[in-house]
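**Q** So that you have it, the file is input.pdb, and it contains PDB, C-alpha atoms, pLDDT in the B column:
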ATOM      1  CA  MET A   1      93.970 125.362 104.994  1.00 62.00           C
ATOM      2  CA  GLY A   2      95.779 125.889 108.281  1.00 87.00           C
ATOM      3  CA  GLU A   3      98.513 123.928 109.969  1.00 93.00           C
ATOM      4  CA  VAL A   4      97.255 121.333 112.470  1.00 96.00           C
ATOM      5  CA  ILE A   5     100.438 119.446 113.440  1.00 97.00           C
ATOM      6  CA  ALA A   6     103.890 120.933 113.988  1.00 97.00           C
ATOM      7  CA  ALA A   7     106.753 118.745 115.185  1.00 97.00           C
ATOM      8  CA  GLU A   8     109.893 120.739 115.926  1.00 97.00           C
ATOM      9  CA  HIS A   9     113.204 118.967 116.628  1.00 97.00           C
ATOM     10  CA  VAL A  10     111.422 116.115 118.418  1.00 97.00           C
ATOM     11  CA  SER A  11     113.613 113.572 120.190  1.00 96.00           C
ATOM     12  CA  MET A  12     112.543 110.649 122.354  1.00 95.00           C
ATOM     13  CA  ASN A  13     115.151 109.024 124.534  1.00 91.00           C
ATOM     14  CA  PHE A  14     114.605 105.785 126.445  1.00 86.00           C
ATOM     15  CA  ARG A  15     117.035 104.632 129.141  1.00 73.00           C
ATOM     16  CA  MET A  16     117.599 100.883 128.853  1.00 63.00           C
ATOM     17  CA  ASN A  17     118.719  98.713 131.768  1.00 61.00           C
ATOM     18  CA  MET A  18     121.768  96.740 130.584  1.00 58.00           C
ATOM     19  CA  ASN A  19     122.133  94.529 133.697  1.00 59.00           C
ATOM     20  CA  HIS A  20     119.791  91.745 132.509  1.00 62.00           C
ATOM     21  CA  THR A  21     118.514  91.219 136.054  1.00 61.00           C
ATOM     22  CA  THR A  22     115.855  88.531 136.250  1.00 61.00           C
ATOM     23  CA  SER A  23     114.218  89.533 139.548  1.00 67.00           C
ATOM     24  CA  MET A  24     113.476  92.587 141.668  1.00 71.00           C
ATOM     25  CA  LYS A  25     115.893  91.261 144.293  1.00 68.00           C
ATOM     26  CA  GLU A  26     118.789  91.201 141.800  1.00 66.00           C
ATOM     27  CA  TRP A  27     117.890  94.715 140.625  1.00 58.00           C
ATOM     28  CA  VAL A  28     117.828  96.095 144.206  1.00 65.00           C
ATOM     29  CA  ILE A  29     121.169  94.452 145.054  1.00 63.00           C
ATOM     30  CA  SER A  30     122.753  95.844 141.868  1.00 64.00           C
ATOM     31  CA  ARG A  31     121.417  99.296 142.651  1.00 62.00           C
ATOM     32  CA  LEU A  32     122.649  99.235 146.248  1.00 68.00           C
ATOM     33  CA  LYS A  33     126.097  98.226 145.014  1.00 66.00           C
ATOM     34  CA  GLY A  34     126.051 100.976 142.398  1.00 66.00           C
ATOM     35  CA  GLN A  35     126.400  98.395 139.651  1.00 63.00           C
ATOM     36  CA  LEU A  36     123.374  99.302 137.537  1.00 60.00           C
ATOM     37  CA  LYS A  37     124.315 100.045 133.934  1.00 64.00           C
ATOM     38  CA  TYR A  38     122.116 101.971 131.516  1.00 65.00           C
ATOM     39  CA  GLN A  39     122.290 102.782 127.845  1.00 68.00           C
ATOM     40  CA  ASP A  40     120.409 105.621 126.188  1.00 77.00           C
ATOM     41  CA  PHE A  41     118.377 104.709 123.127  1.00 80.00           C
ATOM     42  CA  TYR A  42     116.988 107.413 120.851  1.00 87.00           C
ATOM     43  CA  ALA A  43     113.761 106.170 119.249  1.00 92.00           C
ATOM     44  CA  LEU A  44     113.443 109.621 117.631  1.00 96.00           C
ATOM     45  CA  ASN A  45     116.264 112.093 117.017  1.00 95.00           C
ATOM     46  CA  ASP A  46     115.659 115.680 115.860  1.00 96.00           C
ATOM     47  CA  VAL A  47     112.471 115.009 113.870  1.00 97.00           C
ATOM     48  CA  SER A  48     110.749 118.064 112.351  1.00 97.00           C
ATOM     49  CA  PHE A  49     107.763 118.314 109.998  1.00 97.00           C
ATOM     50  CA  ARG A  50     104.441 120.122 109.596  1.00 97.00           C
ATOM     51  CA  VAL A  51     101.039 118.856 108.482  1.00 97.00           C
ATOM     52  CA  ASN A  52      98.212 121.001 107.117  1.00 95.00           C
ATOM     53  CA  GLN A  53      94.502 120.438 107.641  1.00 93.00           C
ATOM     54  CA  GLY A  54      93.124 117.733 105.374  1.00 92.00           C
ATOM     55  CA  GLU A  55      96.477 116.163 104.517  1.00 94.00           C
ATOM     56  CA  VAL A  56      96.715 112.363 104.567  1.00 93.00           C
ATOM     57  CA  VAL A  57     100.272 111.486 105.555  1.00 96.00           C
ATOM     58  CA  GLY A  58     101.676 107.961 105.548  1.00 96.00           C
ATOM     59  CA  ILE A  59     104.627 107.050 107.751  1.00 97.00           C
ATOM     60  CA  VAL A  60     106.837 104.177 106.621  1.00 96.00           C
ATOM     61  CA  GLY A  61     109.980 102.562 107.946  1.00 96.00           C
ATOM     62  CA  THR A  62     111.309  99.221 109.097  1.00 94.00           C
ATOM     63  CA  ASN A  63     110.604  97.852 112.586  1.00 91.00           C
ATOM     64  CA  GLY A  64     112.327  99.985 115.219  1.00 91.00           C
ATOM     65  CA  SER A  65     112.534 103.081 113.023  1.00 95.00           C
ATOM     66  CA  GLY A  66     110.428 105.154 115.455  1.00 94.00           C
ATOM     67  CA  LYS A  67     107.035 105.170 113.706  1.00 94.00           C
ATOM     68  CA  SER A  68     104.848 104.184 116.664  1.00 90.00           C
ATOM     69  CA  THR A  69     106.872 106.373 119.042  1.00 94.00           C
ATOM     70  CA  LEU A  70     106.247 109.362 116.776  1.00 95.00           C
ATOM     71  CA  LEU A  71     102.500 108.727 116.712  1.00 94.00           C
ATOM     72  CA  LYS A  72     102.458 108.487 120.520  1.00 92.00           C
ATOM     73  CA  CYS A  73     104.301 111.809 120.818  1.00 94.00           C
ATOM     74  CA  ILE A  74     101.799 113.491 118.508  1.00 94.00           C
ATOM     75  CA  SER A  75      98.866 111.906 120.388  1.00 90.00           C
ATOM     76  CA  GLY A  76     100.198 113.180 123.713  1.00 89.00           C
ATOM     77  CA  ILE A  77     100.837 109.705 125.138  1.00 87.00           C
ATOM     78  CA  TYR A  78     104.582 110.400 125.276  1.00 91.00           C
ATOM     79  CA  LYS A  79     106.146 113.744 126.131  1.00 94.00           C
ATOM     80  CA  PRO A  80     109.236 114.196 123.948  1.00 95.00           C
ATOM     81  CA  THR A  81     112.537 114.355 125.816  1.00 95.00           C
ATOM     82  CA  GLY A  82     113.596 117.035 123.335  1.00 96.00           C
ATOM     83  CA  GLY A  83     111.767 119.454 121.054  1.00 97.00           C
ATOM     84  CA  LYS A  84     108.009 119.917 121.004  1.00 96.00           C
ATOM     85  CA  VAL A  85     104.796 118.915 119.230  1.00 97.00           C
ATOM     86  CA  ALA A  86     101.895 121.322 118.716  1.00 96.00           C
ATOM     87  CA  THR A  87      98.459 120.179 117.484  1.00 95.00           C
ATOM     88  CA  ALA A  88      95.226 121.984 116.715  1.00 93.00           C
ATOM     89  CA  GLY A  89      91.877 120.215 117.004  1.00 89.00           C
ATOM     90  CA  ARG A  90      90.480 117.043 118.476  1.00 87.00           C
ATOM     91  CA  ILE A  91      92.696 113.956 118.062  1.00 89.00           C
ATOM     92  CA  ALA A  92      91.395 110.395 117.763  1.00 85.00           C
ATOM     93  CA  PRO A  93      94.363 108.034 118.225  1.00 84.00           C
ATOM     94  CA  MET A  94      93.998 104.389 117.160  1.00 80.00           C
ATOM     95  CA  LEU A  95      97.284 102.992 118.348  1.00 79.00           C
ATOM     96  CA  GLU A  96      97.353  99.977 120.638  1.00 71.00           C
ATOM     97  CA  LEU A  97      94.305  97.762 120.327  1.00 62.00           C
ATOM     98  CA  GLY A  98      91.846  98.492 123.133  1.00 66.00           C
ATOM     99  CA  SER A  99      93.828 101.363 124.672  1.00 71.00           C
ATOM    100  CA  GLY A 100      91.403 103.657 126.459  1.00 77.00           C
ATOM    101  CA  PHE A 101      89.022 100.773 127.142  1.00 89.00           C
ATOM    102  CA  ASP A 102      88.064  99.307 130.525  1.00 93.00           C
ATOM    103  CA  TYR A 103      87.869  95.553 130.047  1.00 94.00           C
ATOM    104  CA  GLU A 104      85.459  95.095 132.965  1.00 95.00           C
ATOM    105  CA  LEU A 105      82.873  97.385 131.372  1.00 96.00           C
ATOM    106  CA  SER A 106      80.480  96.536 128.547  1.00 97.00           C
ATOM    107  CA  GLY A 107      80.885  97.604 124.941  1.00 97.00           C
ATOM    108  CA  GLN A 108      78.143 100.189 125.466  1.00 97.00           C
ATOM    109  CA  GLU A 109      79.875 101.688 128.515  1.00 97.00           C
ATOM    110  CA  ASN A 110      83.211 101.762 126.697  1.00 95.00           C
ATOM    111  CA  ILE A 111      81.726 103.759 123.823  1.00 95.00           C
ATOM    112  CA  PHE A 112      80.942 106.551 126.272  1.00 95.00           C
ATOM    113  CA  LEU A 113      84.210 106.111 128.187  1.00 92.00           C
ATOM    114  CA  ASN A 114      86.363 106.182 125.052  1.00 88.00           C
ATOM    115  CA  GLY A 115      84.405 109.090 123.626  1.00 87.00           C
ATOM    116  CA  ALA A 116      84.802 111.053 126.865  1.00 88.00           C
ATOM    117  CA  ILE A 117      88.566 110.444 126.822  1.00 82.00           C
ATOM    118  CA  MET A 118      88.603 111.992 123.337  1.00 80.00           C
ATOM    119  CA  GLY A 119      86.767 115.033 124.698  1.00 82.00           C
ATOM    120  CA  TYR A 120      83.169 114.455 123.560  1.00 87.00           C
ATOM    121  CA  ASP A 121      80.212 115.094 125.856  1.00 90.00           C
ATOM    122  CA  GLU A 122      77.466 112.584 126.656  1.00 92.00           C
ATOM    123  CA  LYS A 123      74.833 114.349 124.544  1.00 94.00           C
ATOM    124  CA  PHE A 124      76.986 114.164 121.420  1.00 93.00           C
ATOM    125  CA  LEU A 125      77.909 110.523 122.028  1.00 94.00           C
ATOM    126  CA  LYS A 126      74.254 109.598 122.518  1.00 95.00           C
ATOM    127  CA  SER A 127      73.464 111.195 119.154  1.00 96.00           C
ATOM    128  CA  ARG A 128      76.090 108.953 117.492  1.00 95.00           C
ATOM    129  CA  TYR A 129      75.607 105.835 119.621  1.00 96.00           C
ATOM    130  CA  GLU A 130      73.305 103.871 117.268  1.00 96.00           C
ATOM    131  CA  GLU A 131      75.528 104.665 114.302  1.00 95.00           C
ATOM    132  CA  ILE A 132      78.633 103.507 116.182  1.00 95.00           C
ATOM    133  CA  VAL A 133      77.003 100.206 117.206  1.00 97.00           C
ATOM    134  CA  ALA A 134      75.664  99.573 113.692  1.00 96.00           C
ATOM    135  CA  PHE A 135      79.042 100.199 112.076  1.00 94.00           C
ATOM    136  CA  SER A 136      80.832  97.947 114.567  1.00 93.00           C
ATOM    137  CA  GLU A 137      78.323  95.124 113.898  1.00 94.00           C
ATOM    138  CA  LEU A 138      78.389  94.324 117.625  1.00 96.00           C
ATOM    139  CA  ALA A 139      74.737  94.881 118.532  1.00 97.00           C
ATOM    140  CA  ASP A 140      74.401  91.289 119.824  1.00 97.00           C
ATOM    141  CA  PHE A 141      77.399  91.763 122.143  1.00 97.00           C
ATOM    142  CA  ILE A 142      77.236  95.444 123.071  1.00 97.00           C
ATOM    143  CA  TYR A 143      76.066  94.780 126.652  1.00 97.00           C
ATOM    144  CA  GLN A 144      78.759  92.145 127.286  1.00 97.00           C
ATOM    145  CA  PRO A 145      82.026  93.002 129.083  1.00 97.00           C
ATOM    146  CA  ILE A 146      84.681  93.652 126.464  1.00 95.00           C
ATOM    147  CA  LYS A 147      87.006  91.198 128.234  1.00 95.00           C
ATOM    148  CA  THR A 148      84.880  88.579 126.438  1.00 96.00           C
ATOM    149  CA  TYR A 149      85.543  90.155 123.012  1.00 95.00           C
ATOM    150  CA  SER A 150      87.961  88.751 120.451  1.00 90.00           C
ATOM    151  CA  SER A 151      90.741  91.020 119.154  1.00 84.00           C
ATOM    152  CA  GLY A 152      88.737  91.526 115.957  1.00 85.00           C
ATOM    153  CA  MET A 153      85.672  92.650 117.922  1.00 90.00           C
ATOM    154  CA  LEU A 154      87.793  95.063 119.968  1.00 89.00           C
ATOM    155  CA  MET A 155      89.254  96.524 116.781  1.00 85.00           C
ATOM    156  CA  ARG A 156      85.797  97.032 115.283  1.00 88.00           C
ATOM    157  CA  LEU A 157      84.575  98.841 118.395  1.00 92.00           C
ATOM    158  CA  ALA A 158      87.703 101.016 118.651  1.00 88.00           C
ATOM    159  CA  PHE A 159      87.574 101.920 114.957  1.00 87.00           C
ATOM    160  CA  SER A 160      83.855 102.709 115.088  1.00 90.00           C
ATOM    161  CA  VAL A 161      84.187 105.058 118.072  1.00 89.00           C
ATOM    162  CA  ALA A 162      87.258 106.825 116.689  1.00 85.00           C
ATOM    163  CA  THR A 163      85.958 107.396 113.167  1.00 85.00           C
ATOM    164  CA  LEU A 164      82.246 108.012 113.698  1.00 84.00           C
ATOM    165  CA  VAL A 165      82.788 111.025 115.962  1.00 82.00           C
ATOM    166  CA  ASP A 166      84.379 113.065 113.143  1.00 80.00           C
ATOM    167  CA  PRO A 167      87.804 113.861 114.652  1.00 87.00           C
ATOM    168  CA  ASP A 168      89.915 116.751 113.394  1.00 91.00           C
ATOM    169  CA  ILE A 169      93.031 114.538 113.421  1.00 93.00           C
ATOM    170  CA  LEU A 170      92.948 110.751 113.065  1.00 90.00           C
ATOM    171  CA  ILE A 171      96.109 108.841 113.998  1.00 91.00           C
ATOM    172  CA  VAL A 172      96.219 105.228 112.848  1.00 87.00           C
ATOM    173  CA  ASP A 173      98.833 102.547 113.587  1.00 84.00           C
ATOM    174  CA  GLU A 174      98.251  99.441 111.453  1.00 76.00           C
ATOM    175  CA  ILE A 175      94.604  99.311 112.553  1.00 62.00           C
ATOM    176  CA  LEU A 176      93.312  98.454 109.074  1.00 62.00           C
ATOM    177  CA  ALA A 177      95.401  95.288 109.077  1.00 61.00           C
ATOM    178  CA  VAL A 178      93.244  93.812 111.856  1.00 56.00           C
ATOM    179  CA  GLY A 179      89.952  92.016 111.261  1.00 64.00           C
ATOM    180  CA  ASP A 180      88.471  90.165 108.320  1.00 75.00           C
ATOM    181  CA  GLU A 181      88.839  91.305 104.734  1.00 80.00           C
ATOM    182  CA  ARG A 182      85.268  92.582 104.447  1.00 85.00           C
ATOM    183  CA  PHE A 183      85.594  94.838 107.506  1.00 85.00           C
ATOM    184  CA  GLN A 184      88.972  96.049 106.251  1.00 80.00           C
ATOM    185  CA  ARG A 185      87.286  97.214 103.029  1.00 83.00           C
ATOM    186  CA  LYS A 186      84.505  98.854 105.033  1.00 86.00           C
ATOM    187  CA  SER A 187      87.090 100.573 107.263  1.00 83.00           C
ATOM    188  CA  ALA A 188      89.044 101.794 104.240  1.00 80.00           C
ATOM    189  CA  ASP A 189      85.853 103.271 102.764  1.00 85.00           C
ATOM    190  CA  ARG A 190      85.144 105.059 106.049  1.00 86.00           C
ATOM    191  CA  MET A 191      88.695 106.420 106.095  1.00 80.00           C
ATOM    192  CA  MET A 192      88.257 107.719 102.548  1.00 82.00           C
ATOM    193  CA  ASN A 193      85.034 109.486 103.595  1.00 85.00           C
ATOM    194  CA  LEU A 194      86.843 111.144 106.508  1.00 83.00           C
ATOM    195  CA  MET A 195      89.644 112.260 104.252  1.00 81.00           C
ATOM    196  CA  GLY A 196      87.147 113.720 101.797  1.00 82.00           C
ATOM    197  CA  GLY A 197      85.537 115.618 104.673  1.00 85.00           C
ATOM    198  CA  GLY A 198      88.722 117.412 105.681  1.00 87.00           C
ATOM    199  CA  THR A 199      89.980 115.165 108.502  1.00 91.00           C
ATOM    200  CA  THR A 200      93.761 115.157 108.801  1.00 94.00           C
ATOM    201  CA  VAL A 201      95.144 111.625 108.895  1.00 92.00           C
ATOM    202  CA  LEU A 202      98.512 110.237 109.973  1.00 94.00           C
ATOM    203  CA  MET A 203      98.831 106.534 109.318  1.00 91.00           C
ATOM    204  CA  VAL A 204     101.526 103.923 109.814  1.00 92.00           C
ATOM    205  CA  SER A 205     101.310 100.829 107.654  1.00 87.00           C
ATOM    206  CA  HIS A 206     103.657  98.144 106.357  1.00 87.00           C
ATOM    207  CA  ASN A 207     101.260  97.750 103.422  1.00 87.00           C
ATOM    208  CA  LEU A 208     102.809 100.011 100.765  1.00 91.00           C
ATOM    209  CA  GLU A 209      99.846  99.529  98.430  1.00 90.00           C
ATOM    210  CA  GLN A 210      97.549 100.853 101.151  1.00 86.00           C
ATOM    211  CA  ILE A 211      99.855 103.847 101.649  1.00 92.00           C
ATOM    212  CA  ARG A 212      99.981 104.508  97.887  1.00 93.00           C
ATOM    213  CA  THR A 213      96.193 104.372  97.619  1.00 88.00           C
ATOM    214  CA  MET A 214      95.272 106.482 100.632  1.00 87.00           C
ATOM    215  CA  CYS A 215      98.086 108.993 101.232  1.00 91.00           C
ATOM    216  CA  SER A 216      99.026 112.214  99.462  1.00 91.00           C
ATOM    217  CA  ARG A 217     102.385 112.460 101.215  1.00 97.00           C
ATOM    218  CA  VAL A 218     104.772 110.035 102.925  1.00 98.00           C
ATOM    219  CA  ILE A 219     107.408 110.427 105.633  1.00 98.00           C
ATOM    220  CA  TRP A 220     110.101 107.737 105.707  1.00 98.00           C
ATOM    221  CA  LEU A 221     111.641 107.205 109.142  1.00 97.00           C
ATOM    222  CA  ASP A 222     114.986 105.438 109.445  1.00 96.00           C
ATOM    223  CA  LYS A 223     116.603 104.813 112.857  1.00 94.00           C
ATOM    224  CA  GLY A 224     114.742 107.705 114.440  1.00 95.00           C
ATOM    225  CA  HIS A 225     115.513 110.226 111.695  1.00 96.00           C
ATOM    226  CA  ILE A 226     113.458 111.461 108.746  1.00 97.00           C
ATOM    227  CA  ARG A 227     115.180 110.015 105.698  1.00 97.00           C
ATOM    228  CA  MET A 228     112.677 111.353 103.179  1.00 97.00           C
ATOM    229  CA  ASP A 229     109.494 113.444 103.184  1.00 98.00           C
ATOM    230  CA  GLY A 230     107.599 114.066  99.977  1.00 97.00           C
ATOM    231  CA  PRO A 231     105.013 112.936  97.412  1.00 97.00           C
ATOM    232  CA  THR A 232     103.675 109.418  97.959  1.00 97.00           C
ATOM    233  CA  GLN A 233     104.837 107.727  94.775  1.00 96.00           C
ATOM    234  CA  GLU A 234     108.327 109.212  94.993  1.00 97.00           C
ATOM    235  CA  VAL A 235     108.945 108.243  98.640  1.00 97.00           C
ATOM    236  CA  CYS A 236     107.312 104.813  98.332  1.00 96.00           C
ATOM    237  CA  GLY A 237     109.419 104.087  95.274  1.00 96.00           C
ATOM    238  CA  GLU A 238     112.661 104.938  97.083  1.00 96.00           C
ATOM    239  CA  TYR A 239     111.601 103.027 100.195  1.00 96.00           C
ATOM    240  CA  HIS A 240     110.686  99.949  98.135  1.00 94.00           C
ATOM    241  CA  ARG A 241     114.079 100.035  96.388  1.00 94.00           C
ATOM    242  CA  HIS A 242     115.750 100.280  99.813  1.00 94.00           C
ATOM    243  CA  LEU A 243     113.847  97.216 101.071  1.00 92.00           C
ATOM    244  CA  MET A 244     114.783  95.251  97.963  1.00 92.00           C
ATOM    245  CA  GLY A 245     118.459  95.998  98.602  1.00 80.00           C
TER     246      GLY A 245
END
Let's see the structure in the file written out as structure tokens.
**A**
Amino acid sequence: MGEVIAAEHVSMNFRMNMNHTTSMKEWVISRLKGQLKYQDFYALNDVSFRVNQGEVVGIVGTNGSGKSTLLKCISGIYKPTGGKVATAGRIAPMLELGSGFDYELSGQENIFLNGAIMGYDEKFLKSRYEEIVAFSELADFIYQPIKTYSSGMLMRLAFSVATLVDPDILIVDEILAVGDERFQRKSADRMMNLMGGGTTVLMVSHNLEQIRTMCSRVIWLDKGHIRMDGPTQEVCGEYHRHLMG
């Protein structure tokens, strides 16, 4: 099986405004006076790893360790300030709830919009449309603007589009934690089917049991660095001991 993700010395630097200005006027005055102060913050610092086709890789770490930033770099949402990321195949990112959706459009229209953003043509999406709607359980609401949807309904639609179009790479950030317990089980089953079919999966979750059950390998991020990368049980064990102090 070939390599589908290669991250080489990836760094992501954010410049933070340290002036604590509370209005645009204050910011402009500070800038004109040359008094603006910034501090560089590295969300990721020299991160390198490779993922082969069909691998299911969990990413763990405390809040602020760089997990979501890494997923956004791999998805192409962020361009790293250092290093590079190479991917092969079609990526379905499930990161921020409802990203890629137009809230003024209906659920039906957003299926085609979201699918097009992921690179699928209308003919293919039409062939999967009924299956997507059935899985989402939103048939009674599919013609309503999604601005009327609850967060759980949005999650179901986003998950259904992303997973029922058979992506080469699925990138998941805590998505299975949203929604009721029954749909979570249904989503987990769908994820397992994708994994069995050769889809490469990168998933962030604070639920270590979920990571242990679904992942064959785990990367532990700590303050923007890879602290450990290896077999699931080994890395989860070390990470759990770290959390317990």
**Q** Name the residues that the PyMOL selection byres ((chain A and resi 52-65) around 9) picks from the file above, as number ranges by chain, using the file's chain letters and numbers.
**A** A: 1-6, 43-44, 50-51, 66-69, 168-169, 195-206, 208, 211-212, 214-225, 232, 236, 239, 243
**Q** Please produce a file of those selected residues containing C-alpha atoms, as a CSV table (one decimal), in the frame of the given file.
**A**
chain,number,residue,atom,x,y,z
A,1,MET,CA,94.0,125.4,105.0
A,2,GLY,CA,95.8,125.9,108.3
A,3,GLU,CA,98.5,123.9,110.0
A,4,VAL,CA,97.3,121.3,112.5
A,5,ILE,CA,100.4,119.4,113.4
A,6,ALA,CA,103.9,120.9,114.0
A,43,ALA,CA,113.8,106.2,119.2
A,44,LEU,CA,113.4,109.6,117.6
A,50,ARG,CA,104.4,120.1,109.6
A,51,VAL,CA,101.0,118.9,108.5
A,66,GLY,CA,110.4,105.2,115.5
A,67,LYS,CA,107.0,105.2,113.7
A,68,SER,CA,104.8,104.2,116.7
A,69,THR,CA,106.9,106.4,119.0
A,168,ASP,CA,89.9,116.8,113.4
A,169,ILE,CA,93.0,114.5,113.4
A,195,MET,CA,89.6,112.3,104.3
A,196,GLY,CA,87.1,113.7,101.8
A,197,GLY,CA,85.5,115.6,104.7
A,198,GLY,CA,88.7,117.4,105.7
A,199,THR,CA,90.0,115.2,108.5
A,200,THR,CA,93.8,115.2,108.8
A,201,VAL,CA,95.1,111.6,108.9
A,202,LEU,CA,98.5,110.2,110.0
A,203,MET,CA,98.8,106.5,109.3
A,204,VAL,CA,101.5,103.9,109.8
A,205,SER,CA,101.3,100.8,107.7
A,206,HIS,CA,103.7,98.1,106.4
A,208,LEU,CA,102.8,100.0,100.8
A,211,ILE,CA,99.9,103.8,101.6
A,212,ARG,CA,100.0,104.5,97.9
A,214,MET,CA,95.3,106.5,100.6
A,215,CYS,CA,98.1,109.0,101.2
A,216,SER,CA,99.0,112.2,99.5
A,217,ARG,CA,102.4,112.5,101.2
A,218,VAL,CA,104.8,110.0,102.9
A,219,ILE,CA,107.4,110.4,105.6
A,220,TRP,CA,110.1,107.7,105.7
A,221,LEU,CA,111.6,107.2,109.1
A,222,ASP,CA,115.0,105.4,109.4
A,223,LYS,CA,116.6,104.8,112.9
A,224,GLY,CA,114.7,107.7,114.4
A,225,HIS,CA,115.5,110.2,111.7
A,232,THR,CA,103.7,109.4,98.0
A,236,CYS,CA,107.3,104.8,98.3
A,239,TYR,CA,111.6,103.0,100.2
A,243,LEU,CA,113.8,97.2,101.1
**Q** Going by the chain IDs and residue numbers used in this file, which residues fall under the PyMOL selection byres ((chain A and resi 160) around 10)? Write them as a PyMOL selection string.
**A** chain A and resi 111+129+131-137+154-159+161-165+187+190
**Q** Export C-alpha atoms of the chosen residues as a PDB file, in the coordinates of the input?
**A**
ATOM      1  CA  ILE A 111      81.726 103.759 123.823  1.00 95.00           C
ATOM      2  CA  TYR A 129      75.607 105.835 119.621  1.00 96.00           C
ATOM      3  CA  GLU A 131      75.528 104.665 114.302  1.00 95.00           C
ATOM      4  CA  ILE A 132      78.633 103.507 116.182  1.00 95.00           C
ATOM      5  CA  VAL A 133      77.003 100.206 117.206  1.00 97.00           C
ATOM      6  CA  ALA A 134      75.664  99.573 113.692  1.00 96.00           C
ATOM      7  CA  PHE A 135      79.042 100.199 112.076  1.00 94.00           C
ATOM      8  CA  SER A 136      80.832  97.947 114.567  1.00 93.00           C
ATOM      9  CA  GLU A 137      78.323  95.124 113.898  1.00 94.00           C
ATOM     10  CA  LEU A 154      87.793  95.063 119.968  1.00 89.00           C
ATOM     11  CA  MET A 155      89.254  96.524 116.781  1.00 85.00           C
ATOM     12  CA  ARG A 156      85.797  97.032 115.283  1.00 88.00           C
ATOM     13  CA  LEU A 157      84.575  98.841 118.395  1.00 92.00           C
ATOM     14  CA  ALA A 158      87.703 101.016 118.651  1.00 88.00           C
ATOM     15  CA  PHE A 159      87.574 101.920 114.957  1.00 87.00           C
ATOM     16  CA  VAL A 161      84.187 105.058 118.072  1.00 89.00           C
ATOM     17  CA  ALA A 162      87.258 106.825 116.689  1.00 85.00           C
ATOM     18  CA  THR A 163      85.958 107.396 113.167  1.00 85.00           C
ATOM     19  CA  LEU A 164      82.246 108.012 113.698  1.00 84.00           C
ATOM     20  CA  VAL A 165      82.788 111.025 115.962  1.00 82.00           C
ATOM     21  CA  SER A 187      87.090 100.573 107.263  1.00 83.00           C
ATOM     22  CA  ARG A 190      85.144 105.059 106.049  1.00 86.00           C
TER      23      ARG A 190
END
**Q** With distances taken over all atoms listed in the file, which residue among A:Asp40, A:Asp121, A:Asp46, A:Asp102 lies nearest His9 in chain A?
**A**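 For His9 in chain A, the nearest of the candidates is A:Asp46.
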**Q** Looking at only C-alpha atoms, which of A:Leu138, A:Met228, A:Cys73, A:Met118 is the one that sits closest to Val85 in chain A?
**A**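 Nearest to Val85 in chain A: A:Cys73.
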**Q** Name the residues in contact with Leu105 in chain A at a cut-off of 10 Å, using all atoms listed in the file, excluding same-chain residues fewer than 5 positions from it; report them as a list in words.
**A** Asn110, Ile111, Leu113, Tyr143, Gln144, Pro145, Ile146 and Lys147 of chain A
**Q** Deliver the residues from the most recent selection as a file, using C-alpha atoms, as a tab-separated table (two decimals), in the coordinates of the input.
**A**
chain	number	residue	atom	x	y	z
A	110	ASN	CA	83.21	101.76	126.70
A	111	ILE	CA	81.73	103.76	123.82
A	113	LEU	CA	84.21	106.11	128.19
A	143	TYR	CA	76.07	94.78	126.65
A	144	GLN	CA	78.76	92.14	127.29
A	145	PRO	CA	82.03	93.00	129.08
A	146	ILE	CA	84.68	93.65	126.46
A	147	LYS	CA	87.01	91.20	128.23
**Q** If you measure from CA of Gly82 in chain A to CA of Ile226 in chain A, what distance in Å do you get, rounded to one decimal?
**A** 15.6 Å
**Q** Mind giving me the straight-line distance from CA of Phe183 in chain A to CA of Glu209 in chain A in Å, one decimal?
**A**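 Separating CA of Phe183 in chain A from CA of Glu209 in chain A is a distance of 17.5 Å.
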**Q** Mind pulling up the distance from CA of Phe49 in chain A to CA of Gly237 in chain A?
**A** 20.5 Å
**Q** Write out as a list in words each polymer residue whose atoms come within 8 Å of Phe112 in chain A, counting only C-alpha atoms; drop sequence neighbours fewer than 3 positions from it.
**A**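 Skipping anything fewer than 3 positions along the chain leaves Gln108, Glu109, Gly115, Ala116, Glu122 and Leu125 of chain A.
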**Q** If you keep C-alpha atoms, can you produce a file of those selected residues as a PDB file, keeping the file's coordinate frame?
**A**
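Generated output (result-v3.pdb):
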ATOM      1  CA  GLN A 108      78.143 100.189 125.466  1.00 97.00           C
ATOM      2  CA  GLU A 109      79.875 101.688 128.515  1.00 97.00           C
ATOM      3  CA  GLY A 115      84.405 109.090 123.626  1.00 87.00           C
ATOM      4  CA  ALA A 116      84.802 111.053 126.865  1.00 88.00           C
ATOM      5  CA  GLU A 122      77.466 112.584 126.656  1.00 92.00           C
ATOM      6  CA  LEU A 125      77.909 110.523 122.028  1.00 94.00           C
TER       7      LEU A 125
END
**Q** How would you write, as a list of chain:residue names, the residues chosen by the PyMOL selection byres ((chain A and resi 74) around 10) on this structure?
**A**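 Against this file, the PyMOL selection byres ((chain A and resi 74) around 10) returns the residues A:Ile5, A:Ala6, A:Ala7, A:Val10, A:Ser68, A:Thr69, A:Leu70, A:Leu71, A:Lys72, A:Cys73, A:Ser75, A:Gly76, A:Ile77, A:Tyr78, A:Lys79, A:Pro80, A:Lys84, A:Val85, A:Ala86, A:Thr87, A:Ile91, A:Pro93, A:Ile171, A:Leu202.
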